[in-house]
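Peer 1: Pasting my_file_23.pdb below, which is PDB, N, CA and C atoms.
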```
MODEL        1
ATOM      1  N   MET A   1      31.592-171.311 -20.936
ATOM      2  CA  MET A   1      32.485-172.387 -21.328
ATOM      3  C   MET A   1      32.026-172.910 -22.683
ATOM      4  N   LYS A   2      32.939-173.015 -23.628
ATOM      5  CA  LYS A   2      32.668-173.639 -24.913
ATOM      6  C   LYS A   2      33.604-174.820 -25.063
ATOM      7  N   ILE A   3      33.053-175.945 -25.517
ATOM      8  CA  ILE A   3      33.851-177.162 -25.643
ATOM      9  C   ILE A   3      33.278-178.000 -26.778
ATOM     10  N   SER A   4      34.110-178.738 -27.469
ATOM     11  CA  SER A   4      33.658-179.523 -28.613
ATOM     12  C   SER A   4      32.970-180.829 -28.212
ATOM     13  N   ALA A   5      33.232-181.321 -27.020
ATOM     14  CA  ALA A   5      32.615-182.577 -26.577
ATOM     15  C   ALA A   5      31.099-182.395 -26.471
ATOM     16  N   ARG A   6      30.359-183.386 -26.886
ATOM     17  CA  ARG A   6      28.896-183.286 -26.868
ATOM     18  C   ARG A   6      28.288-183.784 -25.556
ATOM     19  N   ASN A   7      29.028-184.582 -24.832
ATOM     20  CA  ASN A   7      28.508-185.156 -23.592
ATOM     21  C   ASN A   7      29.022-184.366 -22.394
ATOM     22  N   VAL A   8      28.316-183.300 -22.063
ATOM     23  CA  VAL A   8      28.667-182.436 -20.943
ATOM     24  C   VAL A   8      27.522-182.517 -19.945
ATOM     25  N   ILE A   9      27.821-183.033 -18.746
ATOM     26  CA  ILE A   9      26.781-183.298 -17.755
ATOM     27  C   ILE A   9      27.065-182.480 -16.502
ATOM     28  N   LYS A  10      26.137-181.592 -16.152
ATOM     29  CA  LYS A  10      26.319-180.743 -14.975
ATOM     30  C   LYS A  10      25.941-181.514 -13.714
ATOM     31  N   GLY A  11      26.694-181.242 -12.642
ATOM     32  CA  GLY A  11      26.402-181.896 -11.377
ATOM     33  C   GLY A  11      27.051-181.173 -10.222
ATOM     34  N   THR A  12      27.082-181.851  -9.088
ATOM     35  CA  THR A  12      27.665-181.319  -7.859
ATOM     36  C   THR A  12      28.757-182.264  -7.376
ATOM     37  N   VAL A  13      29.906-181.709  -7.021
ATOM     38  CA  VAL A  13      31.005-182.526  -6.511
ATOM     39  C   VAL A  13      30.587-183.140  -5.180
ATOM     40  N   VAL A  14      30.656-184.451  -5.100
ATOM     41  CA  VAL A  14      30.314-185.171  -3.870
ATOM     42  C   VAL A  14      31.552-185.352  -3.008
ATOM     43  N   SER A  15      32.675-185.705  -3.659
ATOM     44  CA  SER A  15      33.913-185.899  -2.907
ATOM     45  C   SER A  15      35.121-185.747  -3.815
ATOM     46  N   VAL A  16      36.243-185.379  -3.191
ATOM     47  CA  VAL A  16      37.535-185.291  -3.868
ATOM     48  C   VAL A  16      38.518-186.040  -2.983
ATOM     49  N   ASP A  17      38.985-187.200  -3.455
ATOM     50  CA  ASP A  17      39.917-188.020  -2.688
ATOM     51  C   ASP A  17      41.276-187.989  -3.367
ATOM     52  N   LYS A  18      42.205-187.212  -2.798
ATOM     53  CA  LYS A  18      43.538-187.074  -3.382
ATOM     54  C   LYS A  18      44.439-188.225  -2.962
ATOM     55  N   GLY A  19      45.217-188.700  -3.933
ATOM     56  CA  GLY A  19      46.253-189.690  -3.673
ATOM     57  C   GLY A  19      47.606-189.014  -3.813
ATOM     58  N   ALA A  20      48.637-189.800  -4.092
ATOM     59  CA  ALA A  20      49.989-189.257  -4.227
ATOM     60  C   ALA A  20      50.095-188.296  -5.412
ATOM     61  N   THR A  21      49.504-188.660  -6.549
ATOM     62  CA  THR A  21      49.584-187.811  -7.744
ATOM     63  C   THR A  21      48.243-187.559  -8.412
ATOM     64  N   THR A  22      47.289-188.462  -8.189
ATOM     65  CA  THR A  22      45.977-188.312  -8.817
ATOM     66  C   THR A  22      44.868-188.304  -7.775
ATOM     67  N   ALA A  23      43.726-187.797  -8.190
ATOM     68  CA  ALA A  23      42.564-187.722  -7.303
ATOM     69  C   ALA A  23      41.373-188.388  -7.974
ATOM     70  N   HIS A  24      40.481-188.920  -7.153
ATOM     71  CA  HIS A  24      39.204-189.433  -7.640
ATOM     72  C   HIS A  24      38.147-188.391  -7.269
ATOM     73  N   VAL A  25      37.489-187.875  -8.284
ATOM     74  CA  VAL A  25      36.465-186.849  -8.089
ATOM     75  C   VAL A  25      35.119-187.472  -8.422
ATOM     76  N   LYS A  26      34.187-187.388  -7.477
ATOM     77  CA  LYS A  26      32.846-187.925  -7.686
ATOM     78  C   LYS A  26      31.873-186.772  -7.849
ATOM     79  N   ILE A  27      31.084-186.823  -8.928
ATOM     80  CA  ILE A  27      30.098-185.796  -9.221
ATOM     81  C   ILE A  27      28.721-186.441  -9.285
ATOM     82  N   GLU A  28      27.798-185.934  -8.497
ATOM     83  CA  GLU A  28      26.422-186.427  -8.541
ATOM     84  C   GLU A  28      25.683-185.638  -9.610
ATOM     85  N   ILE A  29      25.182-186.351 -10.624
ATOM     86  CA  ILE A  29      24.514-185.692 -11.745
ATOM     87  C   ILE A  29      23.000-185.692 -11.596
ATOM     88  N   SER A  30      22.477-186.552 -10.756
ATOM     89  CA  SER A  30      21.075-186.584 -10.347
ATOM     90  C   SER A  30      21.030-187.439  -9.085
ATOM     91  N   PRO A  31      19.954-187.375  -8.319
ATOM     92  CA  PRO A  31      19.927-188.129  -7.065
ATOM     93  C   PRO A  31      20.286-189.609  -7.263
ATOM     94  N   GLY A  32      21.364-190.035  -6.610
ATOM     95  CA  GLY A  32      21.808-191.416  -6.690
ATOM     96  C   GLY A  32      22.659-191.757  -7.899
ATOM     97  N   GLN A  33      22.845-190.823  -8.821
ATOM     98  CA  GLN A  33      23.639-191.048 -10.029
ATOM     99  C   GLN A  33      24.973-190.306  -9.900
ATOM    100  N   VAL A  34      26.066-191.053  -9.785
ATOM    101  CA  VAL A  34      27.384-190.456  -9.555
ATOM    102  C   VAL A  34      28.353-190.884 -10.653
ATOM    103  N   ILE A  35      29.098-189.913 -11.167
ATOM    104  CA  ILE A  35      30.165-190.175 -12.128
ATOM    105  C   ILE A  35      31.487-189.919 -11.417
ATOM    106  N   THR A  36      32.444-190.837 -11.578
ATOM    107  CA  THR A  36      33.759-190.695 -10.961
ATOM    108  C   THR A  36      34.811-190.513 -12.035
ATOM    109  N   ALA A  37      35.706-189.557 -11.820
ATOM    110  CA  ALA A  37      36.813-189.315 -12.745
ATOM    111  C   ALA A  37      38.125-189.327 -11.978
ATOM    112  N   SER A  38      39.171-189.829 -12.622
ATOM    113  CA  SER A  38      40.524-189.768 -12.072
ATOM    114  C   SER A  38      41.252-188.643 -12.794
ATOM    115  N   ILE A  39      41.669-187.618 -12.046
ATOM    116  CA  ILE A  39      42.385-186.486 -12.623
ATOM    117  C   ILE A  39      43.581-186.175 -11.727
ATOM    118  N   THR A  40      44.497-185.369 -12.219
ATOM    119  CA  THR A  40      45.681-185.045 -11.420
ATOM    120  C   THR A  40      45.319-184.149 -10.238
ATOM    121  N   ASN A  41      46.131-184.226  -9.198
ATOM    122  CA  ASN A  41      45.945-183.325  -8.053
ATOM    123  C   ASN A  41      46.094-181.874  -8.490
ATOM    124  N   GLU A  42      46.986-181.639  -9.437
ATOM    125  CA  GLU A  42      47.194-180.283  -9.962
ATOM    126  C   GLU A  42      45.912-179.755 -10.605
ATOM    127  N   ALA A  43      45.203-180.606 -11.340
ATOM    128  CA  ALA A  43      43.936-180.202 -11.959
ATOM    129  C   ALA A  43      42.882-179.897 -10.903
ATOM    130  N   VAL A  44      42.831-180.703  -9.846
ATOM    131  CA  VAL A  44      41.893-180.452  -8.742
ATOM    132  C   VAL A  44      42.139-179.062  -8.163
ATOM    133  N   ASP A  45      43.409-178.751  -7.913
ATOM    134  CA  ASP A  45      43.756-177.448  -7.338
ATOM    135  C   ASP A  45      43.447-176.310  -8.308
ATOM    136  N   SER A  46      43.786-176.496  -9.569
ATOM    137  CA  SER A  46      43.566-175.463 -10.581
ATOM    138  C   SER A  46      42.083-175.160 -10.765
ATOM    139  N   LEU A  47      41.250-176.208 -10.741
ATOM    140  CA  LEU A  47      39.805-176.040 -10.903
ATOM    141  C   LEU A  47      39.103-175.676  -9.590
ATOM    142  N   LYS A  48      39.874-175.719  -8.490
ATOM    143  CA  LYS A  48      39.334-175.414  -7.159
ATOM    144  C   LYS A  48      38.121-176.288  -6.836
ATOM    145  N   LEU A  49      38.277-177.585  -7.086
ATOM    146  CA  LEU A  49      37.193-178.527  -6.840
ATOM    147  C   LEU A  49      37.075-178.829  -5.353
ATOM    148  N   VAL A  50      35.879-178.675  -4.838
ATOM    149  CA  VAL A  50      35.591-178.998  -3.437
ATOM    150  C   VAL A  50      34.209-179.637  -3.372
ATOM    151  N   ALA A  51      34.011-180.481  -2.375
ATOM    152  CA  ALA A  51      32.707-181.100  -2.173
ATOM    153  C   ALA A  51      31.649-180.020  -2.015
ATOM    154  N   GLY A  52      30.532-180.207  -2.702
ATOM    155  CA  GLY A  52      29.428-179.256  -2.649
ATOM    156  C   GLY A  52      29.456-178.230  -3.764
ATOM    157  N   GLY A  53      30.579-178.146  -4.476
ATOM    158  CA  GLY A  53      30.708-177.181  -5.562
ATOM    159  C   GLY A  53      30.159-177.719  -6.874
ATOM    160  N   PRO A  54      29.772-176.821  -7.780
ATOM    161  CA  PRO A  54      29.285-177.256  -9.088
ATOM    162  C   PRO A  54      30.437-177.653  -9.995
ATOM    163  N   ALA A  55      30.185-178.596 -10.903
ATOM    164  CA  ALA A  55      31.185-179.017 -11.889
ATOM    165  C   ALA A  55      30.471-179.759 -13.004
ATOM    166  N   TYR A  56      31.198-179.991 -14.070
ATOM    167  CA  TYR A  56      30.669-180.729 -15.209
ATOM    168  C   TYR A  56      31.511-181.976 -15.430
ATOM    169  N   ALA A  57      30.851-183.082 -15.758
ATOM    170  CA  ALA A  57      31.540-184.269 -16.240
ATOM    171  C   ALA A  57      31.510-184.164 -17.755
ATOM    172  N   VAL A  58      32.678-184.153 -18.379
ATOM    173  CA  VAL A  58      32.790-184.049 -19.832
ATOM    174  C   VAL A  58      33.277-185.400 -20.341
ATOM    175  N   VAL A  59      32.436-186.084 -21.107
ATOM    176  CA  VAL A  59      32.751-187.439 -21.547
ATOM    177  C   VAL A  59      33.120-187.429 -23.025
ATOM    178  N   LYS A  60      34.316-187.900 -23.324
ATOM    179  CA  LYS A  60      34.788-188.030 -24.706
ATOM    180  C   LYS A  60      35.388-189.409 -24.834
ATOM    181  N   ALA A  61      34.819-190.242 -25.681
ATOM    182  CA  ALA A  61      35.250-191.622 -25.835
ATOM    183  C   ALA A  61      35.208-192.315 -24.468
ATOM    184  N   SER A  62      36.322-192.869 -24.015
ATOM    185  CA  SER A  62      36.319-193.564 -22.729
ATOM    186  C   SER A  62      36.870-192.691 -21.604
ATOM    187  N   ASP A  63      37.153-191.422 -21.864
ATOM    188  CA  ASP A  63      37.706-190.530 -20.852
ATOM    189  C   ASP A  63      36.623-189.659 -20.229
ATOM    190  N   VAL A  64      36.786-189.374 -18.947
ATOM    191  CA  VAL A  64      35.915-188.434 -18.248
ATOM    192  C   VAL A  64      36.790-187.314 -17.740
ATOM    193  N   MET A  65      36.465-186.081 -18.138
ATOM    194  CA  MET A  65      37.190-184.905 -17.682
ATOM    195  C   MET A  65      36.243-184.065 -16.837
ATOM    196  N   ILE A  66      36.786-183.176 -16.048
ATOM    197  CA  ILE A  66      35.996-182.299 -15.196
ATOM    198  C   ILE A  66      36.158-180.867 -15.686
ATOM    199  N   ALA A  67      35.054-180.098 -15.710
ATOM    200  CA  ALA A  67      35.106-178.689 -16.114
ATOM    201  C   ALA A  67      34.277-177.847 -15.159
ATOM    202  N   VAL A  68      34.654-176.605 -15.007
ATOM    203  CA  VAL A  68      33.880-175.665 -14.200
ATOM    204  C   VAL A  68      33.744-174.362 -14.975
ATOM    205  N   ASP A  69      32.742-173.573 -14.637
ATOM    206  CA  ASP A  69      32.563-172.255 -15.247
ATOM    207  C   ASP A  69      33.507-171.262 -14.616
TER     208      ASP A  69
ENDMDL
END
```
Please go through the file and, once you have read it, give me the structure as structure tokens.

Peer 2:
Amino acid sequence: MKISARNVIKGTVVSVDKGATTAHVKIEISPGQVITASITNEAVDSLKLVAGGPAYAVVKASDVMIAVD
């Protein structure tokens, strides 16, 4: 994965809570340290995000995006 954002933090998906159109994805980046992102349900499905899986929190300005290899 190549990306221009400098703040890329690897972690493990703790939970994926889907709502009507968006989901809250929690990624543990170190013991007790969790980053939460709001992304579309479509993005969750496309990235195949599941609890226990690896993912990256990509931080650009005030936005948090999720990435996987």

Peer 1: Might you pull out every residue within 12 Å of A:Lys2, with only C-alpha atoms counted and same-chain residues fewer than 5 positions away left off, and present them as a list in words?

Peer 2: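 Residues meeting the cut-off are Val8, Val58, Ala67, Val68 and Asp69 of chain A.
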
Peer 1: Determine the residue membership of the PyMOL selection byres ((chain A and resi 41) around 7) for the file above and supply it as a list in words.

Peer 2: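 After applying the PyMOL selection byres ((chain A and resi 41) around 7), what remains is Lys18, Gly19, Ala20, Thr21, Thr22, Ala23, Ile39, Thr40, Glu42, Ala43, Val44, Asp45 and Ser46 of chain A.
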
Peer 1: If you run DSSP on this backbone, which residues of chain A come out as alpha helix (DSSP H), and could you give them as a list in words?

Peer 2: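 Those in chain A that DSSP calls alpha helix (DSSP H) are Asn41, Glu42, Ala43, Val44, Asp45, Ser46 and Leu47 of chain A.
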
Peer 1: What is the atom N of A:Ile35-atom C of A:Val16 distance in Å, reported with one decimal?

Peer 2: 13.1 Å

Peer 1: Under the rule that all atoms listed in the file are counted, which of A:Val64, A:Gly52, A:Val59, A:Val13 is the nearest residue to A:Thr36?

Peer 2: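 Distance minimum relative to A:Thr36 lands on A:Val64.
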
Peer 1: Written as a list in words, what is the full residue list that the PyMOL selection byres ((chain A and resi 29) around 6.5) yields on the file shown?

Peer 2: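 Selection result, ordered by chain and number: Ile9, Lys10, Gly11, Thr12, Ile27, Glu28, Ser30, Pro31, Gln33, Val34 and Ile35 of chain A.
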
Peer 1: Using DSSP secondary structure from the backbone, list all strand (DSSP E or B) positions within stretch 13-63 of chain A, as JSON, numbers by chain.

Peer 2: {"A": [13, 14, 15, 16, 17, 18, 22, 23, 24, 25, 26, 27, 28, 29, 30, 33, 34, 35, 36, 37, 38, 39, 40, 54, 55, 56, 57, 58, 59, 60, 63]}

Peer 1: Counting only C-alpha atoms, figure out which residue out of A:Ser15, A:Gly32, A:Ala37, A:Ser4 gets nearest to A:Gly53.

Peer 2: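 Once distances to A:Gly53 are computed over only C-alpha atoms, the minimum belongs to A:Ser15.
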
Peer 1: Could you check which of A:Val14, A:Arg6, A:Val50, A:Ser38 is closest to A:Ile66, using only N, CA and C atoms?

Peer 2: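 Nearest to A:Ile66: A:Ser38.
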
Peer 1: Have a look at atom N of A:Lys48 and atom C of A:Ala61 and let me know their distance in Å, one decimal.

Peer 2: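 Those two atoms sit 23.5 Å apart.
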
Peer 1: Where's the centre, and what are the edge lengths in Å to one decimal, of a box along x, y and z enclosing all listed atoms of stretch 15-31 of chain A padded 8 Å per side, as lines of an AutoDock Vina configuration file?

Peer 2:
```
center_x = 35.0
center_y = -187.5
center_z = -7.2
size_x = 46.2
size_y = 20.5
size_z = 25.1
```
